[in-house]
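Pasted below: data-v2.pdb, PDB, C-alpha atoms, pLDDT in the B column.
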ATOM      1  CA  MET A 232      87.228 148.740  97.705  1.00 44.00           C
ATOM      2  CA  THR A 233      88.162 145.145  96.998  1.00 65.00           C
ATOM      3  CA  GLY A 234      88.770 145.222  93.268  1.00 85.00           C
ATOM      4  CA  LEU A 235      87.903 146.161  89.715  1.00 94.00           C
ATOM      5  CA  ASN A 236      85.033 144.342  88.030  1.00 96.00           C
ATOM      6  CA  THR A 237      84.374 144.512  84.301  1.00 97.00           C
ATOM      7  CA  ILE A 238      80.962 145.700  83.125  1.00 97.00           C
ATOM      8  CA  ILE A 239      79.064 143.075  81.138  1.00 98.00           C
ATOM      9  CA  CYS A 240      76.038 145.108  80.090  1.00 98.00           C
ATOM     10  CA  LYS A 241      73.782 148.002  81.039  1.00 97.00           C
ATOM     11  CA  ARG A 242      69.989 147.785  80.741  1.00 97.00           C
ATOM     12  CA  GLU A 243      68.213 151.127  80.656  1.00 96.00           C
ATOM     13  CA  LEU A 244      64.764 151.335  82.233  1.00 95.00           C
ATOM     14  CA  PRO A 245      61.975 153.901  81.788  1.00 90.00           C
ATOM     15  CA  GLY A 246      62.718 157.229  83.376  1.00 86.00           C
ATOM     16  CA  SER A 247      66.253 157.671  84.640  1.00 91.00           C
ATOM     17  CA  ALA A 248      66.876 154.193  86.086  1.00 96.00           C
ATOM     18  CA  PHE A 249      69.132 151.443  84.785  1.00 97.00           C
ATOM     19  CA  ILE A 250      70.523 148.055  85.763  1.00 98.00           C
ATOM     20  CA  LEU A 251      74.285 147.662  85.682  1.00 98.00           C
ATOM     21  CA  ARG A 252      75.635 144.112  85.362  1.00 98.00           C
ATOM     22  CA  PHE A 253      79.296 143.365  86.001  1.00 98.00           C
ATOM     23  CA  GLU A 254      81.566 140.451  86.751  1.00 97.00           C
ATOM     24  CA  ARG A 255      81.110 138.763  90.097  1.00 97.00           C
ATOM     25  CA  ASN A 256      84.752 137.701  90.446  1.00 96.00           C
ATOM     26  CA  GLY A 257      83.919 135.118  93.093  1.00 95.00           C
ATOM     27  CA  LEU A 258      82.304 137.597  95.500  1.00 96.00           C
ATOM     28  CA  ILE A 259      80.293 135.817  98.206  1.00 96.00           C
ATOM     29  CA  PHE A 260      77.275 137.584  99.690  1.00 97.00           C
ATOM     30  CA  THR A 261      74.078 136.940 101.596  1.00 97.00           C
ATOM     31  CA  PRO A 262      70.846 137.983  99.844  1.00 97.00           C
ATOM     32  CA  GLY A 263      69.783 141.398 101.101  1.00 98.00           C
ATOM     33  CA  GLN A 264      73.296 142.790 101.506  1.00 98.00           C
ATOM     34  CA  TYR A 265      74.721 145.810  99.706  1.00 98.00           C
ATOM     35  CA  ILE A 266      78.053 146.645  98.099  1.00 97.00           C
ATOM     36  CA  TYR A 267      79.851 149.918  97.506  1.00 97.00           C
ATOM     37  CA  VAL A 268      80.241 150.615  93.790  1.00 97.00           C
ATOM     38  CA  GLY A 269      82.203 153.452  92.239  1.00 95.00           C
ATOM     39  CA  ILE A 270      84.705 154.494  89.627  1.00 93.00           C
ATOM     40  CA  LEU A 271      88.455 154.190  90.086  1.00 86.00           C
ATOM     41  CA  GLY A 272      89.828 157.369  91.606  1.00 86.00           C
ATOM     42  CA  ASP A 273      86.364 158.724  92.393  1.00 88.00           C
ATOM     43  CA  ASP A 274      83.681 158.393  95.067  1.00 89.00           C
ATOM     44  CA  ASP A 275      81.555 155.314  95.628  1.00 93.00           C
ATOM     45  CA  ARG A 276      78.052 154.642  96.918  1.00 95.00           C
ATOM     46  CA  PRO A 277      76.231 151.695  98.530  1.00 96.00           C
ATOM     47  CA  TYR A 278      73.851 149.733  96.294  1.00 97.00           C
ATOM     48  CA  SER A 279      71.780 146.715  97.276  1.00 98.00           C
ATOM     49  CA  ILE A 280      72.598 143.648  95.208  1.00 98.00           C
ATOM     50  CA  TYR A 281      69.846 143.089  92.648  1.00 98.00           C
ATOM     51  CA  SER A 282      71.010 139.750  91.233  1.00 98.00           C
ATOM     52  CA  GLY A 283      70.545 136.369  92.885  1.00 98.00           C
ATOM     53  CA  ILE A 284      72.945 134.340  94.961  1.00 97.00           C
ATOM     54  CA  ASP A 285      73.371 131.717  92.222  1.00 97.00           C
ATOM     55  CA  ASP A 286      73.936 134.165  89.353  1.00 98.00           C
ATOM     56  CA  ASN A 287      77.484 134.244  87.987  1.00 97.00           C
ATOM     57  CA  TYR A 288      77.373 138.045  87.748  1.00 98.00           C
ATOM     58  CA  LEU A 289      76.417 140.985  89.989  1.00 98.00           C
ATOM     59  CA  GLU A 290      73.692 143.513  89.241  1.00 98.00           C
ATOM     60  CA  ILE A 291      72.658 146.772  90.857  1.00 98.00           C
ATOM     61  CA  LEU A 292      69.559 148.878  90.201  1.00 98.00           C
ATOM     62  CA  VAL A 293      70.478 152.547  89.929  1.00 97.00           C
ATOM     63  CA  LYS A 294      68.353 155.664  89.593  1.00 94.00           C
ATOM     64  CA  GLU A 295      70.202 158.608  88.124  1.00 92.00           C
ATOM     65  CA  VAL A 296      69.832 161.509  90.534  1.00 86.00           C
ATOM     66  CA  ASP A 297      69.810 165.153  89.493  1.00 80.00           C
ATOM     67  CA  ASN A 298      73.223 166.592  90.380  1.00 77.00           C
ATOM     68  CA  GLY A 299      74.237 163.114  91.580  1.00 76.00           C
ATOM     69  CA  ASN A 300      77.933 162.424  91.234  1.00 83.00           C
ATOM     70  CA  ILE A 301      78.117 158.641  91.128  1.00 93.00           C
ATOM     71  CA  SER A 302      74.820 157.674  89.452  1.00 94.00           C
ATOM     72  CA  ALA A 303      75.427 159.926  86.438  1.00 92.00           C
ATOM     73  CA  LYS A 304      78.944 158.571  85.951  1.00 93.00           C
ATOM     74  CA  LEU A 305      77.830 154.960  86.273  1.00 95.00           C
ATOM     75  CA  LYS A 306      75.197 155.571  83.606  1.00 94.00           C
ATOM     76  CA  GLN A 307      77.872 156.684  81.155  1.00 93.00           C
ATOM     77  CA  LEU A 308      79.862 153.465  81.482  1.00 94.00           C
ATOM     78  CA  GLU A 309      79.855 150.898  78.686  1.00 95.00           C
ATOM     79  CA  PRO A 310      80.574 147.147  78.546  1.00 97.00           C
ATOM     80  CA  GLY A 311      84.262 146.443  78.958  1.00 97.00           C
ATOM     81  CA  GLU A 312      84.848 149.368  81.308  1.00 97.00           C
ATOM     82  CA  LYS A 313      85.388 148.725  85.008  1.00 96.00           C
ATOM     83  CA  VAL A 314      83.860 149.631  88.350  1.00 97.00           C
ATOM     84  CA  ASN A 315      85.304 149.421  91.824  1.00 96.00           C
ATOM     85  CA  VAL A 316      83.349 146.972  93.979  1.00 97.00           C
ATOM     86  CA  GLY A 317      83.581 146.625  97.757  1.00 96.00           C
ATOM     87  CA  ASN A 318      82.854 143.792 100.160  1.00 95.00           C
ATOM     88  CA  PRO A 319      79.213 142.960 100.967  1.00 97.00           C
ATOM     89  CA  CYS A 320      77.763 144.684 104.028  1.00 96.00           C
ATOM     90  CA  GLY A 321      74.528 144.789 105.953  1.00 96.00           C
ATOM     91  CA  SER A 322      72.144 142.593 107.932  1.00 96.00           C
ATOM     92  CA  PHE A 323      68.920 143.083 105.930  1.00 97.00           C
ATOM     93  CA  THR A 324      68.799 139.331 105.374  1.00 97.00           C
ATOM     94  CA  MET A 325      66.459 136.372 105.868  1.00 94.00           C
ATOM     95  CA  GLU A 326      66.841 133.413 108.187  1.00 85.00           C
ATOM     96  CA  SER A 327      66.782 130.358 105.912  1.00 81.00           C
ATOM     97  CA  ASP A 328      65.039 128.151 108.495  1.00 79.00           C
ATOM     98  CA  ILE A 329      61.797 130.175 108.329  1.00 81.00           C
ATOM     99  CA  LEU A 330      61.508 130.633 104.565  1.00 86.00           C
ATOM    100  CA  LYS A 331      59.055 127.742 104.207  1.00 82.00           C
ATOM    101  CA  GLU A 332      57.137 128.496 107.384  1.00 82.00           C
ATOM    102  CA  ARG A 333      56.135 132.141 107.105  1.00 88.00           C
ATOM    103  CA  ASN A 334      54.611 134.626 104.715  1.00 95.00           C
ATOM    104  CA  PHE A 335      56.715 137.662 103.877  1.00 97.00           C
ATOM    105  CA  TRP A 336      55.385 141.114 103.083  1.00 98.00           C
ATOM    106  CA  LEU A 337      58.086 143.020 101.191  1.00 98.00           C
ATOM    107  CA  ILE A 338      57.321 146.739 101.240  1.00 98.00           C
ATOM    108  CA  ALA A 339      59.446 149.137  99.204  1.00 98.00           C
ATOM    109  CA  THR A 340      59.589 152.570  97.669  1.00 97.00           C
ATOM    110  CA  GLY A 341      61.477 153.271  94.444  1.00 96.00           C
ATOM    111  CA  THR A 342      64.758 151.411  94.014  1.00 96.00           C
ATOM    112  CA  GLY A 343      64.265 150.013  97.520  1.00 97.00           C
ATOM    113  CA  ILE A 344      62.835 147.006  95.708  1.00 98.00           C
ATOM    114  CA  SER A 345      66.410 145.913  94.868  1.00 98.00           C
ATOM    115  CA  PRO A 346      67.061 143.550  97.800  1.00 98.00           C
ATOM    116  CA  PHE A 347      63.620 142.003  97.295  1.00 98.00           C
ATOM    117  CA  HIS A 348      64.514 141.112  93.708  1.00 98.00           C
ATOM    118  CA  CYS A 349      67.634 139.436  95.118  1.00 98.00           C
ATOM    119  CA  PHE A 350      65.592 137.544  97.741  1.00 97.00           C
ATOM    120  CA  ILE A 351      63.205 136.165  95.156  1.00 97.00           C
ATOM    121  CA  ARG A 352      65.900 135.129  92.676  1.00 97.00           C
ATOM    122  CA  SER A 353      67.803 133.471  95.513  1.00 97.00           C
ATOM    123  CA  PHE A 354      64.924 131.745  97.346  1.00 95.00           C
ATOM    124  CA  PRO A 355      62.421 130.137  94.926  1.00 93.00           C
ATOM    125  CA  ILE A 356      60.437 128.736  97.870  1.00 92.00           C
ATOM    126  CA  LEU A 357      59.756 132.185  99.323  1.00 95.00           C
ATOM    127  CA  ASN A 358      56.073 132.847 100.024  1.00 95.00           C
ATOM    128  CA  TYR A 359      55.827 136.586  99.505  1.00 97.00           C
ATOM    129  CA  ARG A 360      53.919 139.606  98.324  1.00 97.00           C
ATOM    130  CA  ILE A 361      55.507 142.870  97.239  1.00 98.00           C
ATOM    131  CA  ILE A 362      53.927 146.263  97.876  1.00 98.00           C
ATOM    132  CA  HIS A 363      55.862 148.861  95.875  1.00 98.00           C
ATOM    133  CA  GLY A 364      55.376 152.590  96.323  1.00 98.00           C
ATOM    134  CA  ILE A 365      56.313 154.643  93.260  1.00 97.00           C
ATOM    135  CA  ARG A 366      55.352 157.953  91.722  1.00 96.00           C
ATOM    136  CA  TYR A 367      54.582 156.837  88.161  1.00 96.00           C
ATOM    137  CA  HIS A 368      53.534 153.468  86.734  1.00 96.00           C
ATOM    138  CA  TYR A 369      56.653 153.152  84.572  1.00 96.00           C
ATOM    139  CA  GLU A 370      58.791 152.958  87.713  1.00 96.00           C
ATOM    140  CA  ALA A 371      57.409 149.462  88.391  1.00 97.00           C
ATOM    141  CA  PHE A 372      60.758 147.981  87.388  1.00 95.00           C
ATOM    142  CA  ASP A 373      60.686 144.345  86.230  1.00 96.00           C
ATOM    143  CA  LYS A 374      57.159 143.894  87.589  1.00 96.00           C
ATOM    144  CA  GLU A 375      56.637 140.900  85.257  1.00 96.00           C
ATOM    145  CA  PHE A 376      59.284 139.016  87.212  1.00 97.00           C
ATOM    146  CA  TYR A 377      57.086 139.037  90.331  1.00 97.00           C
ATOM    147  CA  GLY A 378      53.811 138.189  88.587  1.00 95.00           C
ATOM    148  CA  LYS A 379      50.683 138.142  90.740  1.00 96.00           C
ATOM    149  CA  ASN A 380      52.741 138.676  93.912  1.00 97.00           C
ATOM    150  CA  TYR A 381      53.422 142.301  92.963  1.00 98.00           C
ATOM    151  CA  LEU A 382      51.242 145.323  93.735  1.00 98.00           C
ATOM    152  CA  CYS A 383      52.254 148.902  93.067  1.00 97.00           C
ATOM    153  CA  CYS A 384      50.930 152.064  94.662  1.00 98.00           C
ATOM    154  CA  THR A 385      51.311 155.253  92.626  1.00 98.00           C
ATOM    155  CA  THR A 386      50.988 158.876  93.694  1.00 97.00           C
ATOM    156  CA  GLY A 387      51.571 160.570  90.313  1.00 96.00           C
ATOM    157  CA  ASP A 388      49.113 158.676  88.103  1.00 96.00           C
ATOM    158  CA  SER A 389      46.326 156.097  88.336  1.00 95.00           C
ATOM    159  CA  LEU A 390      47.753 153.432  86.017  1.00 95.00           C
ATOM    160  CA  CYS A 391      48.753 150.805  88.576  1.00 94.00           C
ATOM    161  CA  ASN A 392      46.963 148.676  91.154  1.00 95.00           C
ATOM    162  CA  PHE A 393      46.362 151.345  93.784  1.00 97.00           C
ATOM    163  CA  SER A 394      46.316 155.145  93.710  1.00 97.00           C
ATOM    164  CA  GLY A 395      47.940 156.493  96.837  1.00 97.00           C
ATOM    165  CA  ARG A 396      50.810 155.844  99.163  1.00 97.00           C
ATOM    166  CA  VAL A 397      51.880 152.498 100.553  1.00 97.00           C
ATOM    167  CA  THR A 398      50.489 153.533 103.929  1.00 97.00           C
ATOM    168  CA  ASP A 399      47.102 154.285 102.355  1.00 97.00           C
ATOM    169  CA  TYR A 400      47.009 150.794 100.904  1.00 98.00           C
ATOM    170  CA  LEU A 401      48.013 149.141 104.176  1.00 98.00           C
ATOM    171  CA  ARG A 402      45.256 150.971 106.029  1.00 97.00           C
ATOM    172  CA  ALA A 403      42.746 149.582 103.530  1.00 97.00           C
ATOM    173  CA  VAL A 404      43.702 145.893 103.823  1.00 97.00           C
ATOM    174  CA  LYS A 405      43.855 143.284 106.548  1.00 96.00           C
ATOM    175  CA  ILE A 406      47.309 143.024 108.090  1.00 96.00           C
ATOM    176  CA  ASP A 407      48.631 139.474 108.398  1.00 96.00           C
ATOM    177  CA  LYS A 408      49.746 139.210 112.018  1.00 95.00           C
ATOM    178  CA  SER A 409      51.727 136.011 111.418  1.00 94.00           C
ATOM    179  CA  ALA A 410      53.852 137.416 108.566  1.00 96.00           C
ATOM    180  CA  PHE A 411      57.336 138.890 108.559  1.00 96.00           C
ATOM    181  CA  TYR A 412      57.617 142.434 107.212  1.00 98.00           C
ATOM    182  CA  TYR A 413      60.632 143.799 105.326  1.00 98.00           C
ATOM    183  CA  LEU A 414      60.655 147.563 104.696  1.00 98.00           C
ATOM    184  CA  CYS A 415      63.135 149.135 102.299  1.00 98.00           C
ATOM    185  CA  GLY A 416      63.362 152.589 100.782  1.00 96.00           C
ATOM    186  CA  ASN A 417      62.473 156.090 101.877  1.00 94.00           C
ATOM    187  CA  TYR A 418      63.000 156.725 105.591  1.00 96.00           C
ATOM    188  CA  ASN A 419      59.641 158.487 105.960  1.00 96.00           C
ATOM    189  CA  MET A 420      57.847 155.465 104.497  1.00 97.00           C
ATOM    190  CA  ILE A 421      59.722 153.144 106.825  1.00 98.00           C
ATOM    191  CA  ASP A 422      58.826 155.186 109.903  1.00 97.00           C
ATOM    192  CA  ASP A 423      55.164 155.466 108.913  1.00 98.00           C
ATOM    193  CA  VAL A 424      54.761 151.783 107.988  1.00 98.00           C
ATOM    194  CA  TYR A 425      56.613 150.631 111.105  1.00 98.00           C
ATOM    195  CA  ASP A 426      54.231 152.635 113.290  1.00 98.00           C
ATOM    196  CA  LEU A 427      51.218 151.363 111.350  1.00 98.00           C
ATOM    197  CA  LEU A 428      52.307 147.739 111.694  1.00 98.00           C
ATOM    198  CA  THR A 429      53.077 147.893 115.399  1.00 98.00           C
ATOM    199  CA  THR A 430      49.773 149.689 116.016  1.00 97.00           C
ATOM    200  CA  ASN A 431      48.100 146.712 114.308  1.00 96.00           C
ATOM    201  CA  GLY A 432      49.744 144.223 116.637  1.00 96.00           C
ATOM    202  CA  ILE A 433      52.870 143.292 114.675  1.00 97.00           C
ATOM    203  CA  GLU A 434      55.795 142.637 117.021  1.00 97.00           C
ATOM    204  CA  SER A 435      59.039 144.490 116.395  1.00 96.00           C
ATOM    205  CA  ASN A 436      60.892 141.190 115.898  1.00 95.00           C
ATOM    206  CA  GLN A 437      58.661 140.545 112.862  1.00 96.00           C
ATOM    207  CA  ILE A 438      59.908 143.709 111.130  1.00 97.00           C
ATOM    208  CA  LYS A 439      63.236 144.428 109.410  1.00 97.00           C
ATOM    209  CA  THR A 440      64.146 147.765 107.864  1.00 98.00           C
ATOM    210  CA  GLU A 441      66.716 149.170 105.424  1.00 97.00           C
ATOM    211  CA  GLY A 442      66.664 152.906 104.812  1.00 93.00           C
ATOM    212  CA  TYR A 443      67.672 154.474 101.496  1.00 85.00           C
ATOM    213  CA  PHE A 444      68.931 158.026 101.246  1.00 64.00           C
TER     214      PHE A 444
END
Target encoding structure tokens, full file:
Amino acid sequence: MTGLNTIICKRELPGSAFILRFERNGLIFTPGQYIYVGILGDDDRPYSIYSGIDDNYLEILVKEVDNGNISAKLKQLEPGEKVNVGNPCGSFTMESDILKERNFWLIATGTGISPFHCFIRSFPILNYRIIHGIRYHYEAFDKEFYGKNYLCCTTGDSLCNFSGRVTDYLRAVKIDKSAFYYLCGNYNMIDDVYDLLTTNGIESNQIKTEGYF
């Protein structure tokens, strides 16, 4: 870990998710990277950075997991307390020279939407659409931020745009063969969507993936 960062605020979301905001302390990162966050003297866990590159704070989107060690402890923290924060890692990033030239399909499940929130805050010129696979409609975290570019697929209710899995939606629409595809979240979703895209003529160099546990 690189240091202790003071918590600024915690924003609780429907269900068991929350956004933890803490001091940035000059940390430099590339949008799409993750950091290890934990409590002093305890374990840590990797979390994609949720905030943008120009924000003067850091945010992570956390879902409290049943019997989870770190997520439950992070949820108990209050402003003024501290978290251990590590150096940024990962290569789930975008090449800045193609941001204006290409469309981006950002496909996520659950909290796998985190790096996409960072992309969009960091790159206002990004031409994108988000396809978000969740179980219930209330897990469409911060959907207002994305506006008309956001579409959610639910498997536990019928209160969002599409009832079914992300793969069901992709089979029902025309795949843009000129776009870049970023996949983040559940490993099974990533494997299934990767196969679906390549079967539809998308080259492997048009696809980037980041698996979540």
(request) For each of A:Tyr443, A:Tyr369, A:Trp336, A:Tyr413, take the minimum atom-to-atom distance to Ala248 of chain A, counting all atoms listed in the file, then give the residue where this is smallest. (result) A:Tyr369
(message) Which residues, named as in the file, does the PyMOL selection byres ((chain A and resi 349) around 7) pick out? Answer as a ChimeraX atom specification.
(response) /A:262-263,280-283,345-348,350-353
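Residue neighbourhood of Gly246 of chain A, excluding near-sequence residues (fewer than 3 positions): Glu243, Phe249, Lys294, Glu295, Tyr367, Tyr369 and Glu370 of chain A, at 10 Å, using only C-alpha atoms.
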Written selection (C-alpha atoms) as a CSV table (one decimal), in the frame of the given file:
chain,number,residue,atom,x,y,z
A,243,GLU,CA,68.2,151.1,80.7
A,249,PHE,CA,69.1,151.4,84.8
A,294,LYS,CA,68.4,155.7,89.6
A,295,GLU,CA,70.2,158.6,88.1
A,367,TYR,CA,54.6,156.8,88.2
A,369,TYR,CA,56.7,153.2,84.6
A,370,GLU,CA,58.8,153.0,87.7
(message) What's the separation between atom CA of Ile284 of chain A and atom CA of Thr324 of chain A, in Å to one decimal place?
(response) 12.3 Å
With the file shown as input, list the residues that the PyMOL selection byres ((chain A and resi 395) around 7) selects, as a PDB file with C-alpha atoms, in the coordinates of the input.
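What ended up in part_18.pdb:
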ATOM      1  CA  CYS A 384      50.930 152.064  94.662  1.00 98.00           C
ATOM      2  CA  THR A 385      51.311 155.253  92.626  1.00 98.00           C
ATOM      3  CA  THR A 386      50.988 158.876  93.694  1.00 97.00           C
ATOM      4  CA  PHE A 393      46.362 151.345  93.784  1.00 97.00           C
ATOM      5  CA  SER A 394      46.316 155.145  93.710  1.00 97.00           C
ATOM      6  CA  ARG A 396      50.810 155.844  99.163  1.00 97.00           C
ATOM      7  CA  VAL A 397      51.880 152.498 100.553  1.00 97.00           C
ATOM      8  CA  ASP A 399      47.102 154.285 102.355  1.00 97.00           C
TER       9      ASP A 399
END
(message) For a quick check of understanding, using only C-alpha atoms, which of A:Gly269, A:Gly343, A:Gly432, A:Gly311 has the smallest distance to Tyr418 of chain A?
(response)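 Under the stated criterion, the closest residue is A:Gly343.
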(request) Kindly indicate which residue among A:Val316, A:Leu357, A:Ile362, A:Leu244 lies nearest to Gly257 of chain A, using only C-alpha atoms for the distances. (result)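 Smallest separation from Gly257 of chain A among the options: A:Val316.
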With the PyMOL selection byres ((chain A and resi 312) around 9) as the selection, what would be picked from this file? Answer as an mmCIF file with C-alpha atoms, keeping the file's coordinate frame, please.
data_model
loop_
_atom_site.group_PDB
_atom_site.id
_atom_site.type_symbol
_atom_site.label_atom_id
_atom_site.label_comp_id
_atom_site.auth_asym_id
_atom_site.auth_seq_id
_atom_site.Cartn_x
_atom_site.Cartn_y
_atom_site.Cartn_z
ATOM 1 C CA ASN A 236 85.033 144.342 88.030
ATOM 2 C CA THR A 237 84.374 144.512 84.301
ATOM 3 C CA ILE A 238 80.962 145.700 83.125
ATOM 4 C CA ILE A 239 79.064 143.075 81.138
ATOM 5 C CA LEU A 308 79.862 153.465 81.482
ATOM 6 C CA GLU A 309 79.855 150.898 78.686
ATOM 7 C CA PRO A 310 80.574 147.147 78.546
ATOM 8 C CA GLY A 311 84.262 146.443 78.958
ATOM 9 C CA LYS A 313 85.388 148.725 85.008
ATOM 10 C CA VAL A 314 83.860 149.631 88.350
#
(message) Between A:Ala410, A:Val293, A:Val268, A:Leu401, which residue has the minimum interatomic distance to Lys331 of chain A, considering all atoms listed in the file?
(response)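 Nearest to Lys331 of chain A: A:Ala410.
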Long-range neighbours of Asp273 of chain A as a PDB file with C-alpha atoms, keeping the file's coordinate frame, 10 Å cut-off, only C-alpha atoms, 3 positions minimum in chain:
ATOM      1  CA  GLY A 269      82.203 153.452  92.239  1.00 95.00           C
ATOM      2  CA  ILE A 270      84.705 154.494  89.627  1.00 93.00           C
ATOM      3  CA  ASN A 300      77.933 162.424  91.234  1.00 83.00           C
ATOM      4  CA  ILE A 301      78.117 158.641  91.128  1.00 93.00           C
ATOM      5  CA  LYS A 304      78.944 158.571  85.951  1.00 93.00           C
ATOM      6  CA  ASN A 315      85.304 149.421  91.824  1.00 96.00           C
TER       7      ASN A 315
END
